[in-house]
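Novice: Here you go, input.txt (compact mmCIF, C-alpha atoms and all ligand atoms):
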# COMPACT_ATOMS: atom_id res chain seq x y z
CA PRO A 23 0.00 0.00 0.00
CA ARG A 24 1.21 3.49 -0.76
CA PRO A 25 0.43 6.51 1.36
CA ILE A 26 -1.33 9.71 0.40
CA LEU A 27 -0.34 12.58 2.66
CA LEU A 28 -2.79 15.46 2.95
CA THR A 29 -1.90 18.81 4.48
CA ARG A 30 -2.99 22.41 4.44
CA HIS A 31 -0.39 25.03 3.55
CA GLY A 32 1.54 26.54 6.45
CA GLU A 33 -0.20 29.44 8.17
CA SER A 34 -0.48 32.41 5.79
CA ARG A 35 -0.46 36.13 6.55
CA ASP A 36 -4.19 36.19 5.72
CA ASN A 37 -4.83 33.31 8.15
CA VAL A 38 -3.31 35.52 10.85
CA ARG A 39 -5.57 38.43 9.87
CA GLY A 40 -8.63 36.18 9.54
CA ARG A 41 -9.07 37.02 5.85
CA ILE A 42 -10.43 34.40 3.47
CA GLY A 43 -9.18 33.79 -0.04
CA GLY A 44 -6.38 36.02 -1.31
CA ASP A 45 -2.93 34.89 -2.32
CA THR A 46 -0.54 35.92 0.42
CA VAL A 47 2.76 34.45 1.54
CA LEU A 48 3.38 32.48 4.74
CA SER A 49 3.60 33.86 8.28
CA ASP A 50 6.72 33.10 10.33
CA ALA A 51 4.93 30.08 11.85
CA GLY A 52 3.92 28.98 8.35
CA GLU A 53 7.54 29.06 7.21
CA ILE A 54 8.60 26.95 10.16
CA TYR A 55 5.90 24.43 9.25
CA ALA A 56 7.19 24.29 5.66
CA LYS A 57 10.63 23.24 6.93
CA LYS A 58 9.20 20.70 9.38
CA LEU A 59 7.01 19.26 6.65
CA ALA A 60 10.01 18.88 4.33
CA ASN A 61 11.89 17.00 7.05
CA PHE A 62 8.93 14.77 7.73
CA VAL A 63 8.27 14.00 4.07
CA GLU A 64 11.90 13.30 3.25
CA LYS A 65 12.15 10.86 6.17
CA ARG A 66 8.74 9.25 5.70
CA LEU A 67 9.24 8.71 1.98
CA LYS A 68 12.98 8.05 2.07
CA SER A 69 12.75 4.62 0.49
CA GLU A 70 10.36 5.81 -2.22
CA ARG A 71 11.91 6.53 -5.56
CA THR A 72 8.91 8.06 -7.23
CA ALA A 73 6.80 10.15 -4.91
CA SER A 74 5.39 13.50 -6.04
CA ILE A 75 4.24 16.70 -4.37
CA TRP A 76 0.97 18.25 -5.56
CA THR A 77 0.12 21.86 -4.74
CA SER A 78 -2.47 24.39 -5.82
CA THR A 79 -1.45 27.38 -7.95
CA LEU A 80 -1.56 29.72 -4.94
CA GLN A 81 1.62 31.03 -3.34
CA ARG A 82 0.91 29.68 0.12
CA THR A 83 0.93 26.06 -1.02
CA ILE A 84 3.88 26.52 -3.39
CA LEU A 85 5.91 28.14 -0.60
CA THR A 86 4.93 25.35 1.79
CA ALA A 87 6.27 22.80 -0.71
CA SER A 88 9.43 24.73 -1.54
CA PRO A 89 11.78 23.28 1.14
CA ILE A 90 11.02 19.75 -0.13
CA ALA A 91 13.92 19.00 -2.43
CA ALA A 92 13.69 15.26 -3.00
CA PHE A 93 10.56 14.96 -5.16
CA PRO A 94 9.03 16.63 -8.22
CA LYS A 95 6.20 19.13 -7.75
CA ILE A 96 3.03 19.56 -9.77
CA GLN A 97 0.62 22.51 -9.56
CA TRP A 98 -3.11 21.89 -9.98
CA ARG A 99 -5.64 24.67 -10.42
CA ALA A 100 -8.24 22.17 -9.21
CA LEU A 101 -6.50 22.22 -5.81
CA ASP A 102 -6.99 26.00 -5.39
CA GLU A 103 -9.08 27.12 -2.40
CA ILE A 104 -12.85 27.57 -2.73
CA ASN A 105 -13.41 30.79 -4.68
CA ALA A 106 -15.12 33.24 -2.31
CA GLY A 107 -16.10 35.53 -5.21
CA VAL A 108 -17.15 39.00 -4.02
CA CYS A 109 -16.16 38.01 -0.46
CA ASP A 110 -12.57 37.24 -1.37
CA GLY A 111 -10.23 39.07 1.01
CA MET A 112 -12.89 39.75 3.65
CA THR A 113 -13.07 38.49 7.23
CA TYR A 114 -16.15 36.54 8.39
CA GLU A 115 -17.00 39.54 10.60
CA GLU A 116 -16.99 41.85 7.58
CA ILE A 117 -19.21 39.48 5.61
CA LYS A 118 -21.64 39.28 8.53
CA LYS A 119 -21.76 43.06 8.84
CA ASN A 120 -21.76 44.11 5.19
CA MET A 121 -23.61 41.21 3.57
CA PRO A 122 -25.83 39.72 6.30
CA GLU A 123 -28.09 37.85 3.84
CA GLU A 124 -25.10 36.11 2.31
CA TYR A 125 -23.75 35.27 5.75
CA GLU A 126 -27.06 33.76 6.84
CA ALA A 127 -27.60 31.87 3.59
CA ARG A 128 -24.20 30.25 3.94
CA LYS A 129 -24.79 29.37 7.56
CA LYS A 130 -28.06 27.70 6.62
CA ASP A 131 -26.68 25.53 3.83
CA LYS A 132 -22.91 25.68 3.69
CA LEU A 133 -22.69 22.73 1.29
CA ARG A 134 -24.85 24.29 -1.44
CA TYR A 135 -24.27 28.00 -0.78
CA ARG A 136 -22.41 29.60 -3.68
CA TYR A 137 -20.55 32.88 -3.08
CA PRO A 138 -21.69 35.55 -5.57
CA ARG A 139 -19.30 35.18 -8.52
CA GLY A 140 -17.58 32.38 -6.63
CA GLU A 141 -18.06 28.73 -5.74
CA SER A 142 -19.96 26.42 -3.43
CA TYR A 143 -18.61 23.31 -1.72
CA LEU A 144 -20.51 21.30 -4.33
CA ASP A 145 -18.62 23.18 -7.06
CA VAL A 146 -15.33 22.35 -5.35
CA ILE A 147 -16.27 18.68 -5.02
CA GLN A 148 -17.06 18.58 -8.72
CA ARG A 149 -13.83 20.19 -9.86
CA LEU A 150 -11.84 17.74 -7.70
CA GLU A 151 -12.98 14.77 -9.76
CA PRO A 152 -9.94 14.70 -12.09
CA VAL A 153 -7.60 15.03 -9.09
CA ILE A 154 -9.26 12.05 -7.41
CA ILE A 155 -9.08 9.96 -10.56
CA GLU A 156 -5.36 10.73 -10.87
CA LEU A 157 -4.75 10.04 -7.16
CA GLU A 158 -6.44 6.65 -7.51
CA ARG A 159 -4.33 5.87 -10.57
CA GLN A 160 -0.96 6.73 -8.96
CA ARG A 161 1.14 3.84 -7.71
CA ALA A 162 3.65 6.04 -5.91
CA PRO A 163 3.04 8.13 -2.79
CA VAL A 164 1.59 11.61 -3.24
CA VAL A 165 1.81 14.58 -0.88
CA VAL A 166 -1.13 16.94 -1.44
CA ILE A 167 -0.55 20.49 -0.12
CA SER A 168 -3.80 22.39 -0.47
CA HIS A 169 -6.45 24.38 1.37
CA GLN A 170 -9.09 23.87 4.04
CA ALA A 171 -12.23 23.54 1.90
CA VAL A 172 -10.52 21.44 -0.78
CA LEU A 173 -8.95 19.08 1.75
CA ARG A 174 -12.29 18.62 3.51
CA ALA A 175 -13.68 17.35 0.22
CA LEU A 176 -10.68 15.14 -0.61
CA TYR A 177 -10.54 13.70 2.88
CA ALA A 178 -14.27 12.96 2.85
CA TYR A 179 -13.83 10.99 -0.36
CA PHE A 180 -11.13 8.72 1.09
CA ALA A 181 -12.63 8.47 4.58
CA ASP A 182 -16.08 7.84 3.11
CA ARG A 183 -17.77 10.66 4.98
CA PRO A 184 -21.25 11.84 3.92
CA LEU A 185 -21.62 14.85 1.64
CA LYS A 186 -23.49 16.95 4.18
CA GLU A 187 -20.63 16.73 6.70
CA ILE A 188 -17.95 17.96 4.30
CA PRO A 189 -18.10 21.72 5.03
CA HIS A 190 -17.82 21.02 8.77
CA ILE A 191 -14.94 18.52 8.89
CA GLU A 192 -12.14 19.70 11.11
CA MET A 193 -9.01 20.35 9.08
CA PRO A 194 -6.37 21.85 11.36
CA LEU A 195 -3.28 23.73 10.23
CA HIS A 196 0.19 22.23 10.64
CA THR A 197 -1.10 18.65 10.69
CA ILE A 198 -0.51 15.84 8.20
CA ILE A 199 -3.23 13.28 7.54
CA GLU A 200 -1.76 10.08 6.15
CA ILE A 201 -4.13 7.82 4.25
CA GLN A 202 -3.22 4.25 3.36
CA MET A 203 -5.40 2.31 1.01
CA GLY A 204 -5.06 -1.41 1.63
CA VAL A 205 -7.12 -4.52 1.00
CA THR A 206 -8.85 -4.16 4.36
CA GLY A 207 -9.93 -0.61 3.63
CA VAL A 208 -8.60 2.82 4.41
CA GLN A 209 -6.28 3.47 7.34
CA GLU A 210 -5.56 6.89 8.69
CA LYS A 211 -2.79 8.42 10.81
CA ARG A 212 -2.33 12.02 11.92
CA TYR A 213 0.88 13.85 12.63
CA LYS A 214 0.64 17.21 14.31
CA LEU A 215 3.99 18.86 13.60
CA MET A 216 3.39 22.06 15.60
CA ASP A 217 0.65 24.03 17.40
O1 LIG B 1 -10.98 30.58 2.77
C1 LIG B 1 -11.76 29.63 2.87
C2 LIG B 1 -11.73 28.72 4.02
O2 LIG B 1 -10.54 27.99 4.11
C3 LIG B 1 -12.89 27.79 3.91
O3 LIG B 1 -13.44 27.71 5.18
O4 LIG B 1 -15.60 26.99 4.18
O5 LIG B 1 -15.23 26.99 6.67
O6 LIG B 1 -15.48 29.14 5.39
P1 LIG B 1 -15.02 27.71 5.37
Can the structure from this file be put into structure tokens for me?
Specialist:
Amino acid sequence: PRPILLTRHGESRDNVRGRIGGDTVLSDAGEIYAKKLANFVEKRLKSERTASIWTSTLQRTILTASPIAAFPKIQWRALDEINAGVCDGMTYEEIKKNMPEEYEARKKDKLRYRYPRGESYLDVIQRLEPVIIELERQRAPVVVISHQAVLRALYAYFADRPLKEIPHIEMPLHTIIEIQMGVTGVQEKRYKLMD
């Protein structure tokens, strides 16, 4: 069995400010995570000749992957964070204050709610299909460095979690979820590299 390692990017400057979307660089803590992740991956996959590192096209995942020297990297647009449309760059407080109907609509049905000029969780799940097909086809280990909403959807696929739970799955920063697909089903391990 070969592992799939899932992780969010290291903490970004927008994470610190509570802003969603955007395309900022990492915070100091995020940069430390990138180095720890590289160490972990290079040790964990030492005996693997053909692993690969998949990121989104956003800076925060590319920078998180950058200290990993041992394996090739591939950028997928399909791994980009949920597109928050007109709310991109706002905090949840700002959305609540300036666009209360949008805030309430999302709270009511987070799975189906689509940001104006952006995406819903269902949209994200749909665009992940080619990524999932490719992940299933791979024989070598893959490290996926992506974003909260996207990883909720990917994780739910492998862990067989129901659709309606997806937007609420806990997906902490600075933690690696290792998935192993064997004959007896899916096994999962978590490694929290820092707080
Ligand atoms: O920027 C988007 C967030 O990572 C997604 O979180 O769907 O819980 O608002 P949320």
Novice: For region 157-163 of chain A, please output as a PDB file with C-alpha atoms, in the frame of the given file all residues within 9 Å (counting all atoms listed in the file; exclusion window: fewer than 4 positions along the same chain).
Specialist:
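Saved file result-v5.pdb follows:
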ATOM      1  CA  PRO A  23       0.000   0.000   0.000  1.00  0.00           C
ATOM      2  CA  ARG A  24       1.210   3.490  -0.760  1.00  0.00           C
ATOM      3  CA  PRO A  25       0.430   6.510   1.360  1.00  0.00           C
ATOM      4  CA  ILE A  26      -1.330   9.710   0.400  1.00  0.00           C
ATOM      5  CA  LEU A  27      -0.340  12.580   2.660  1.00  0.00           C
ATOM      6  CA  LEU A  67       9.240   8.710   1.980  1.00  0.00           C
ATOM      7  CA  GLU A  70      10.360   5.810  -2.220  1.00  0.00           C
ATOM      8  CA  ARG A  71      11.910   6.530  -5.560  1.00  0.00           C
ATOM      9  CA  THR A  72       8.910   8.060  -7.230  1.00  0.00           C
ATOM     10  CA  ALA A  73       6.800  10.150  -4.910  1.00  0.00           C
ATOM     11  CA  SER A  74       5.390  13.500  -6.040  1.00  0.00           C
ATOM     12  CA  ILE A  75       4.240  16.700  -4.370  1.00  0.00           C
ATOM     13  CA  PRO A 152      -9.940  14.700 -12.090  1.00  0.00           C
ATOM     14  CA  VAL A 153      -7.600  15.030  -9.090  1.00  0.00           C
TER      15      VAL A 153
END
Novice: Of the candidates A:Leu101, A:Glu126, A:Lys214, A:Asp36, which shows the shortest atom-to-atom distance to Arg174 (chain A), using only C-alpha atoms?
Specialist: A:Leu101
Novice: Can you work out which residues are within 9 Å of ligand LIG 1 (chain B), considering all atoms listed in the file, and then hand them over as a PyMOL selection string?
Specialist: chain A and resi 37+41-44+103-106+110-111+114+128+132-133+142-143+169-172+189-191
Novice: Pull C-alpha atoms from the residues just selected and write them as a PDB file, in the coordinates of the input.
Specialist:
ATOM      1  CA  ASN A  37      -4.830  33.310   8.150  1.00  0.00           C
ATOM      2  CA  ARG A  41      -9.070  37.020   5.850  1.00  0.00           C
ATOM      3  CA  ILE A  42     -10.430  34.400   3.470  1.00  0.00           C
ATOM      4  CA  GLY A  43      -9.180  33.790  -0.040  1.00  0.00           C
ATOM      5  CA  GLY A  44      -6.380  36.020  -1.310  1.00  0.00           C
ATOM      6  CA  GLU A 103      -9.080  27.120  -2.400  1.00  0.00           C
ATOM      7  CA  ILE A 104     -12.850  27.570  -2.730  1.00  0.00           C
ATOM      8  CA  ASN A 105     -13.410  30.790  -4.680  1.00  0.00           C
ATOM      9  CA  ALA A 106     -15.120  33.240  -2.310  1.00  0.00           C
ATOM     10  CA  ASP A 110     -12.570  37.240  -1.370  1.00  0.00           C
ATOM     11  CA  GLY A 111     -10.230  39.070   1.010  1.00  0.00           C
ATOM     12  CA  TYR A 114     -16.150  36.540   8.390  1.00  0.00           C
ATOM     13  CA  ARG A 128     -24.200  30.250   3.940  1.00  0.00           C
ATOM     14  CA  LYS A 132     -22.910  25.680   3.690  1.00  0.00           C
ATOM     15  CA  LEU A 133     -22.690  22.730   1.290  1.00  0.00           C
ATOM     16  CA  SER A 142     -19.960  26.420  -3.430  1.00  0.00           C
ATOM     17  CA  TYR A 143     -18.610  23.310  -1.720  1.00  0.00           C
ATOM     18  CA  HIS A 169      -6.450  24.380   1.370  1.00  0.00           C
ATOM     19  CA  GLN A 170      -9.090  23.870   4.040  1.00  0.00           C
ATOM     20  CA  ALA A 171     -12.230  23.540   1.900  1.00  0.00           C
ATOM     21  CA  VAL A 172     -10.520  21.440  -0.780  1.00  0.00           C
ATOM     22  CA  PRO A 189     -18.100  21.720   5.030  1.00  0.00           C
ATOM     23  CA  HIS A 190     -17.820  21.020   8.770  1.00  0.00           C
ATOM     24  CA  ILE A 191     -14.940  18.520   8.890  1.00  0.00           C
TER      25      ILE A 191
END
Novice: Looking at all atoms listed in the file, which of A:Val38, A:Val166, A:Ile96, A:Leu215 is the one that sits closest to Ile201 (chain A)?
Specialist: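 Closest residue, counting all atoms listed in the file: A:Val166.
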Novice: To one decimal place, how far is CA of Gly204 (chain A) from CA of Glu151 (chain A) in Å?
Specialist: 21.3 Å
Novice: Might you pull out every residue within 12 Å of Ile198 (chain A), with all atoms listed in the file counted and same-chain residues fewer than 6 positions away left off, and present them as a VMD selection string?
Specialist: chain A and resid 25 to 32 55 to 56 58 to 60 62 to 63 66 165 to 168 173 177 210 to 216
Novice: Using all atoms listed in the file, find the one residue out of A:Val205, A:Ile155, A:Met121, A:Ala178 that sits nearest to Glu192 (chain A).
Specialist: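 Among the listed residues, A:Ala178 lies closest to Glu192 (chain A).
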Novice: Measure the distance from CA of Ala127 (chain A) to CA of Thr79 (chain A) in Å and round it to one decimal.
Specialist: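 Separation between CA of Ala127 (chain A) and CA of Thr79 (chain A): 28.9 Å.
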Novice: Could you work out how far CA of Thr86 (chain A) lies from CA of Glu53 (chain A), giving the answer in Å with one decimal?
Specialist: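 We find that CA of Glu53 (chain A) and CA of Thr86 (chain A) lie 7.1 Å from each other.
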Novice: Could you check which of A:Gly107, A:Ile84, A:Asp217, A:Met112 is closest to Leu195 (chain A), using all atoms listed in the file?
Specialist: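 With all atoms listed in the file as the atom set, the closest residue is A:Asp217.
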Novice: Find the spatial neighbours of Glu123 (chain A), counting only C-alpha atoms, within a cut-off of 12 Å - ignore same-chain residues fewer than 6 positions away - and output them as a list of chain:residue names.
Specialist: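 So, after excluding close chain neighbours, the residues are A:Ile117, A:Lys129, A:Lys130, A:Tyr135, A:Tyr137, A:Pro138.
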